[in-house]
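Pasted below: final-v9.cif, mmCIF, C-alpha atoms.
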```cif
data_input
#
loop_
_atom_site.label_atom_id
_atom_site.label_comp_id
_atom_site.auth_asym_id
_atom_site.auth_seq_id
_atom_site.Cartn_x
_atom_site.Cartn_y
_atom_site.Cartn_z
CA MET A 22 -3.79 -12.05 -59.72
CA ILE A 23 -0.08 -12.22 -60.62
CA LEU A 24 2.28 -11.83 -57.64
CA GLU A 25 4.20 -8.56 -57.73
CA ILE A 26 7.94 -9.00 -58.24
CA SER A 27 8.54 -6.28 -55.63
CA GLN A 28 8.04 -8.91 -52.91
CA SER A 29 11.19 -10.32 -51.36
CA HIS A 30 13.01 -13.26 -52.90
CA ASP A 31 12.20 -15.45 -49.90
CA GLU A 32 8.50 -14.61 -49.97
CA ILE A 33 8.25 -15.50 -53.64
CA GLU A 34 10.11 -18.78 -53.20
CA GLU A 35 8.00 -19.75 -50.22
CA ARG A 36 4.81 -19.09 -52.15
CA ILE A 37 6.09 -21.16 -55.09
CA LEU A 38 7.14 -24.06 -52.86
CA GLU A 39 3.87 -24.12 -50.95
CA ALA A 40 1.91 -24.04 -54.20
CA SER A 41 4.15 -26.77 -55.63
CA ALA A 42 3.39 -29.07 -52.71
CA GLN A 43 -0.34 -28.76 -53.40
CA VAL A 44 -0.06 -29.18 -57.16
CA PHE A 45 2.35 -32.13 -57.08
CA ALA A 46 0.21 -33.89 -54.44
CA HIS A 47 -2.91 -33.38 -56.56
CA TYR A 48 -1.66 -34.17 -60.08
CA GLY A 49 1.50 -36.15 -59.35
CA TYR A 50 5.02 -35.40 -60.55
CA ASP A 51 4.62 -36.84 -64.06
CA LYS A 52 1.43 -34.93 -64.93
CA THR A 53 2.30 -31.60 -63.32
CA LYS A 54 3.47 -28.77 -65.58
CA MET A 55 5.41 -25.70 -64.51
CA GLY A 56 2.51 -23.58 -65.71
CA ASP A 57 0.20 -25.35 -63.26
CA ILE A 58 2.47 -24.33 -60.41
CA ALA A 59 2.80 -20.75 -61.65
CA ARG A 60 -0.99 -20.40 -61.74
CA GLU A 61 -1.41 -21.89 -58.25
CA ALA A 62 1.31 -19.58 -56.87
CA ARG A 63 -0.18 -16.59 -58.77
CA ILE A 64 3.11 -15.66 -60.37
CA ALA A 65 4.32 -15.27 -63.93
CA LYS A 66 5.88 -18.43 -65.40
CA SER A 67 9.04 -16.43 -66.12
CA THR A 68 9.37 -15.74 -62.37
CA LEU A 69 9.24 -19.47 -61.71
CA TYR A 70 11.92 -20.24 -64.30
CA LEU A 71 14.22 -17.58 -62.83
CA ARG A 72 14.56 -19.78 -59.78
CA TRP A 73 14.24 -23.33 -61.13
CA LYS A 74 15.06 -24.21 -64.71
CA THR A 75 13.20 -27.52 -64.70
CA LYS A 76 10.34 -29.27 -62.93
CA GLU A 77 12.86 -31.79 -61.65
CA ASP A 78 14.91 -29.03 -59.97
CA LEU A 79 11.80 -27.58 -58.36
CA PHE A 80 10.64 -30.97 -57.09
CA GLY A 81 14.03 -31.61 -55.52
CA ALA A 82 13.96 -28.21 -53.82
CA LEU A 83 10.46 -28.94 -52.54
CA ILE A 84 11.62 -32.15 -50.85
CA TRP A 85 14.26 -30.24 -48.85
CA TYR A 86 11.82 -27.43 -48.05
CA GLU A 87 9.15 -29.83 -46.77
CA ALA A 88 11.69 -31.80 -44.73
CA ARG A 89 12.87 -28.64 -43.02
CA GLN A 90 9.34 -27.38 -42.39
CA PHE A 91 8.44 -30.72 -40.85
CA THR A 92 11.36 -30.64 -38.41
CA TYR A 93 10.65 -27.04 -37.37
CA GLN A 94 6.96 -27.75 -36.75
CA TRP A 95 7.61 -31.04 -34.98
CA LEU A 96 10.10 -29.43 -32.61
CA ALA A 97 7.67 -26.55 -31.91
CA ARG A 98 4.89 -28.97 -30.98
CA VAL A 99 7.19 -31.03 -28.78
CA GLU A 100 8.39 -27.90 -26.99
CA ALA A 101 4.82 -26.72 -26.38
CA ASP A 102 3.67 -30.09 -25.00
CA PRO A 103 4.39 -30.60 -21.26
CA LEU A 104 4.91 -34.31 -22.04
CA GLY A 105 6.52 -33.70 -25.42
CA GLY A 106 9.83 -35.25 -24.40
CA THR A 107 8.31 -38.66 -23.73
CA PHE A 108 8.53 -41.03 -26.68
CA PRO A 109 4.78 -41.77 -27.04
CA HIS A 110 4.07 -38.04 -27.34
CA LEU A 111 6.99 -37.52 -29.73
CA TYR A 112 5.55 -40.25 -31.95
CA ARG A 113 2.00 -38.90 -31.71
CA HIS A 114 3.05 -35.40 -32.81
CA ALA A 115 5.07 -36.83 -35.72
CA VAL A 116 2.19 -38.92 -37.09
CA LEU A 117 -0.36 -36.10 -36.83
CA LEU A 118 2.04 -33.69 -38.53
CA MET A 119 2.73 -36.13 -41.37
CA ARG A 120 -0.99 -36.52 -42.00
CA GLU A 121 -1.43 -32.76 -42.37
CA SER A 122 0.60 -32.66 -45.60
CA ALA A 123 -0.36 -34.80 -48.58
CA PHE A 124 3.10 -34.23 -50.05
CA VAL A 125 4.92 -35.35 -46.90
CA MET A 126 2.69 -38.42 -46.71
CA ALA A 127 3.62 -39.24 -50.31
CA LEU A 128 7.33 -38.94 -49.52
CA ILE A 129 7.16 -41.13 -46.43
CA THR A 130 5.11 -43.84 -48.16
CA ARG A 131 6.90 -43.54 -51.54
CA ASP A 132 3.58 -42.92 -53.26
CA ARG A 133 4.16 -43.72 -56.95
CA ARG A 134 1.20 -41.65 -58.11
CA VAL A 135 2.65 -38.50 -56.56
CA LEU A 136 6.38 -39.15 -56.97
CA GLY A 137 6.18 -40.74 -60.42
CA ASN A 138 9.46 -40.93 -62.35
CA PHE A 139 11.24 -38.91 -59.67
CA LEU A 140 11.38 -42.17 -57.71
CA LYS A 141 13.92 -43.45 -60.24
CA ARG A 142 16.50 -40.91 -59.12
CA PRO A 143 19.22 -42.63 -57.04
CA GLU A 144 19.07 -40.04 -54.27
CA MET A 145 15.49 -41.09 -53.47
CA ASP A 146 16.71 -44.49 -52.30
CA GLY A 147 19.43 -42.81 -50.29
CA LEU A 148 16.92 -40.46 -48.71
CA ILE A 149 14.74 -43.32 -47.46
CA GLU A 150 17.70 -45.22 -46.05
CA GLN A 151 18.94 -42.11 -44.28
CA ARG A 152 15.49 -41.50 -42.77
CA LEU A 153 15.34 -45.04 -41.39
CA SER A 154 18.90 -44.74 -40.09
CA MET A 155 17.99 -41.48 -38.32
CA SER A 156 14.95 -43.20 -36.81
CA ARG A 157 17.08 -45.98 -35.31
CA LEU A 158 19.62 -43.46 -34.03
CA PHE A 159 16.83 -41.40 -32.48
CA LEU A 160 15.45 -44.40 -30.57
CA ALA A 161 18.92 -45.42 -29.38
CA ARG A 162 19.64 -41.93 -28.05
CA LEU A 163 16.30 -41.74 -26.28
CA GLN A 164 17.08 -45.06 -24.65
CA ALA A 165 20.53 -43.86 -23.58
CA ALA A 166 18.93 -40.72 -22.10
CA GLY A 167 16.52 -42.72 -19.98
CA VAL A 168 13.44 -41.88 -22.02
CA ILE A 169 12.97 -45.50 -23.17
CA ARG A 170 13.49 -48.61 -21.03
CA ALA A 171 17.02 -50.01 -21.19
CA ASP A 172 15.85 -53.59 -21.73
CA VAL A 173 13.80 -52.88 -24.88
CA ASN A 174 14.99 -54.20 -28.25
CA ILE A 175 15.34 -50.94 -30.18
CA GLU A 176 15.68 -52.59 -33.59
CA ALA A 177 12.39 -54.44 -33.13
CA VAL A 178 10.63 -51.38 -31.72
CA GLY A 179 11.81 -49.27 -34.66
CA PHE A 180 10.51 -51.81 -37.16
CA LEU A 181 7.10 -51.98 -35.47
CA LEU A 182 6.76 -48.21 -35.15
CA ASN A 183 7.69 -47.59 -38.78
CA SER A 184 5.16 -50.24 -39.81
CA MET A 185 2.44 -48.61 -37.72
CA GLN A 186 3.39 -45.20 -39.06
CA TYR A 187 2.88 -46.46 -42.60
CA GLY A 188 -0.52 -47.81 -41.61
CA PHE A 189 -1.57 -44.51 -40.07
CA LEU A 190 -0.68 -42.76 -43.32
CA LYS A 191 -2.21 -45.27 -45.77
CA LEU A 192 -5.21 -46.91 -44.09
CA ASP A 193 -7.61 -44.16 -45.17
CA GLU A 194 -6.99 -45.25 -48.77
CA ILE A 195 -8.24 -48.75 -47.96
CA THR A 196 -11.27 -48.02 -45.79
CA LYS A 197 -13.08 -44.86 -44.73
CA GLU A 198 -14.72 -46.50 -41.71
CA ASN A 199 -11.94 -45.55 -39.34
CA PRO A 200 -12.14 -43.85 -35.92
CA PRO A 201 -10.69 -40.33 -35.57
CA ILE A 202 -6.93 -40.60 -35.82
CA GLU A 203 -6.54 -38.74 -32.52
CA ASP A 204 -8.55 -41.43 -30.70
CA ALA A 205 -6.40 -44.21 -32.17
CA LEU A 206 -3.20 -42.35 -31.26
CA ASP A 207 -4.41 -41.76 -27.70
CA ILE A 208 -4.74 -45.52 -27.25
CA LEU A 209 -1.34 -46.08 -28.86
CA VAL A 210 0.22 -43.51 -26.50
CA GLU A 211 -1.09 -45.51 -23.54
CA MET A 212 0.22 -48.77 -25.02
CA LEU A 213 3.67 -47.27 -25.72
CA ASN A 214 3.81 -45.80 -22.23
CA ARG A 215 3.30 -49.24 -20.73
CA LEU A 216 5.81 -50.87 -23.06
CA LEU A 217 8.59 -48.29 -23.27
CA THR A 218 8.50 -46.00 -20.23
CA PRO A 219 11.07 -46.84 -17.51
CA GLU A 220 9.61 -47.94 -14.16
CA ASP A 221 10.87 -44.78 -12.47
CA GLY A 222 9.31 -42.60 -15.17
CA SER A 223 10.50 -41.06 -18.42
CA ASN A 224 13.05 -38.24 -18.45
CA ASN A 225 10.89 -35.69 -20.28
CA GLU A 226 13.44 -32.88 -20.44
CA ALA A 227 16.16 -35.24 -21.64
CA GLY A 228 13.82 -36.34 -24.42
CA LYS A 229 13.37 -32.75 -25.56
CA GLU A 230 17.12 -32.22 -25.58
CA VAL A 231 17.62 -35.36 -27.67
CA ILE A 232 15.12 -34.22 -30.27
CA LYS A 233 16.86 -30.82 -30.51
CA GLU A 234 20.17 -32.58 -31.15
CA ILE A 235 18.63 -34.89 -33.75
CA MET A 236 16.92 -32.00 -35.53
CA ALA A 237 20.24 -30.16 -35.79
CA GLU A 238 21.84 -33.27 -37.30
CA ILE A 239 18.95 -33.69 -39.74
CA HIS A 240 19.41 -30.11 -40.91
CA ALA A 241 23.12 -30.75 -41.41
CA PHE A 242 22.27 -33.87 -43.42
CA LEU A 243 19.77 -31.94 -45.54
CA ASP A 244 22.38 -29.25 -46.20
CA ALA A 245 24.86 -31.87 -47.39
CA PHE A 246 22.24 -33.68 -49.49
CA GLU A 247 21.11 -30.43 -51.11
CA ASN A 248 24.66 -29.43 -51.92
CA ARG A 249 25.35 -32.83 -53.44
CA SER A 250 22.18 -32.62 -55.55
CA ASP A 251 23.09 -29.13 -56.77
CA ALA A 252 26.62 -30.15 -57.77
#
```
Encoding of this model in structure tokens:
Amino acid sequence: MILEISQSHDEIEERILEASAQVFAHYGYDKTKMGDIAREARIAKSTLYLRWKTKEDLFGALIWYEARQFTYQWLARVEADPLGGTFPHLYRHAVLLMRESAFVMALITRDRRVLGNFLKRPEMDGLIEQRLSMSRLFLARLQAAGVIRADVNIEAVGFLLNSMQYGFLKLDEITKENPPIEDALDILVEMLNRLLTPEDGSNNEAGKEVIKEIMAEIHAFLDAFENRSDA
């Protein structure tokens, strides 16, 4: 059924973007056609082209949309978790949330099948570097807030955690004989607690405040990046 144009602009765009994430993840950027997305979103192709003139424009918009959705959902899960402000739980929620979206997983791991020729765009390299920079800043602020031990080497911890994150997202492609991801993360939470939690305990509420601040800065960065891409 074709989506009625009487729906609001935001509702139509959200449906298109959600459909785009599924189609791009399934076929990959290079093989996806705008018609494929229109069919998945149940809209007329002309409605799609009213908003994005090219597949490249739509893919760029999808990256910003998915990044924002991720931050909103991550913050909501952290807020709802009584221990959400501790770093092990922050990390656990992030990994589980990444694994729920094939498109987000492709972005984080720079999956060439999904991203295709879009990887050649210079802003993609900038996006990865900014994400890693934000990760280091996040760890440093958590340490300053008393969430992470003061004597821990943050640079080394960041490298290890990003490496493990990549493994959590890609290992299923190598072998299917893996334990439930939740079980593996529960063990990792215990390990990180022993390694990173200060002796007098982690400042849970301070951790939640730090993530709110970081999310606001990420949104500001995304705004600036979007505006630069649209220029």
Specify as an NGL selection string each residue included when the PyMOL selection byres ((chain A and resi 105-109) around 12) is applied to this file. :A and (95-104 or 110-116 or 159-164 or 166-170 or 178-179 or 182 or 206-219 or 222-233)
Counting all atoms listed in the file, what is within 9 Å of segment 189-204 of chain A, bar same-chain residues fewer than 5 positions away, as a list in words? Arg113, Val116, Leu117, Met119, Arg120, Met126, Ala127, Ile129, Thr130, Ser184 and Leu209 of chain A
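What separates atom CA of Glu150 of chain A from atom CA of Glu35 of chain A is a distance of 27.6 Å.
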Work out how far atom CA of Glu238 of chain A is from atom CA of Arg157 of chain A, in Å to one decimal. 13.7 Å
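When only C-alpha atoms are used to compute distances to Ile239 of chain A, the closest of the residues A:Met185, A:Ala62, A:Met155, A:Ala177 turns out to be A:Met155.
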Quick check on the file I pasted: which residues fall under the PyMOL selection byres ((chain A and resi 75-89) around 8)? Write them as an MDAnalysis selection string. chainID A and resid 38 41:42 50 54:55 70 73:74 90:93 125 139 240 243 247
To one decimal place in Å, what is the distance between atom CA of Glu32 of chain A and atom CA of Glu61 of chain A?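 Value for the atom CA of Glu32 of chain A-atom CA of Glu61 of chain A distance: 14.8 Å.
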Enumerate, as a compact mmCIF listing (two decimals) with C-alpha atoms, in the coordinates of the input, the protein, DNA and RNA residues whose atoms approach (-0.8, -20.4, -63.3) to within 12 Å, taking into account only C-alpha atoms and the coordinate frame of the file.
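Output (part11.txt):
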```txt
# COMPACT_ATOMS: atom_id res chain seq x y z
CA MET A 22 -3.79 -12.05 -59.72
CA ILE A 23 -0.08 -12.22 -60.62
CA LEU A 24 2.28 -11.83 -57.64
CA ILE A 37 6.09 -21.16 -55.09
CA ALA A 40 1.91 -24.04 -54.20
CA SER A 41 4.15 -26.77 -55.63
CA VAL A 44 -0.06 -29.18 -57.16
CA THR A 53 2.30 -31.60 -63.32
CA LYS A 54 3.47 -28.77 -65.58
CA MET A 55 5.41 -25.70 -64.51
CA GLY A 56 2.51 -23.58 -65.71
CA ASP A 57 0.20 -25.35 -63.26
CA ILE A 58 2.47 -24.33 -60.41
CA ALA A 59 2.80 -20.75 -61.65
CA ARG A 60 -0.99 -20.40 -61.74
CA GLU A 61 -1.41 -21.89 -58.25
CA ALA A 62 1.31 -19.58 -56.87
CA ARG A 63 -0.18 -16.59 -58.77
CA ILE A 64 3.11 -15.66 -60.37
CA ALA A 65 4.32 -15.27 -63.93
CA LYS A 66 5.88 -18.43 -65.40
CA SER A 67 9.04 -16.43 -66.12
CA THR A 68 9.37 -15.74 -62.37
CA LEU A 69 9.24 -19.47 -61.71
```
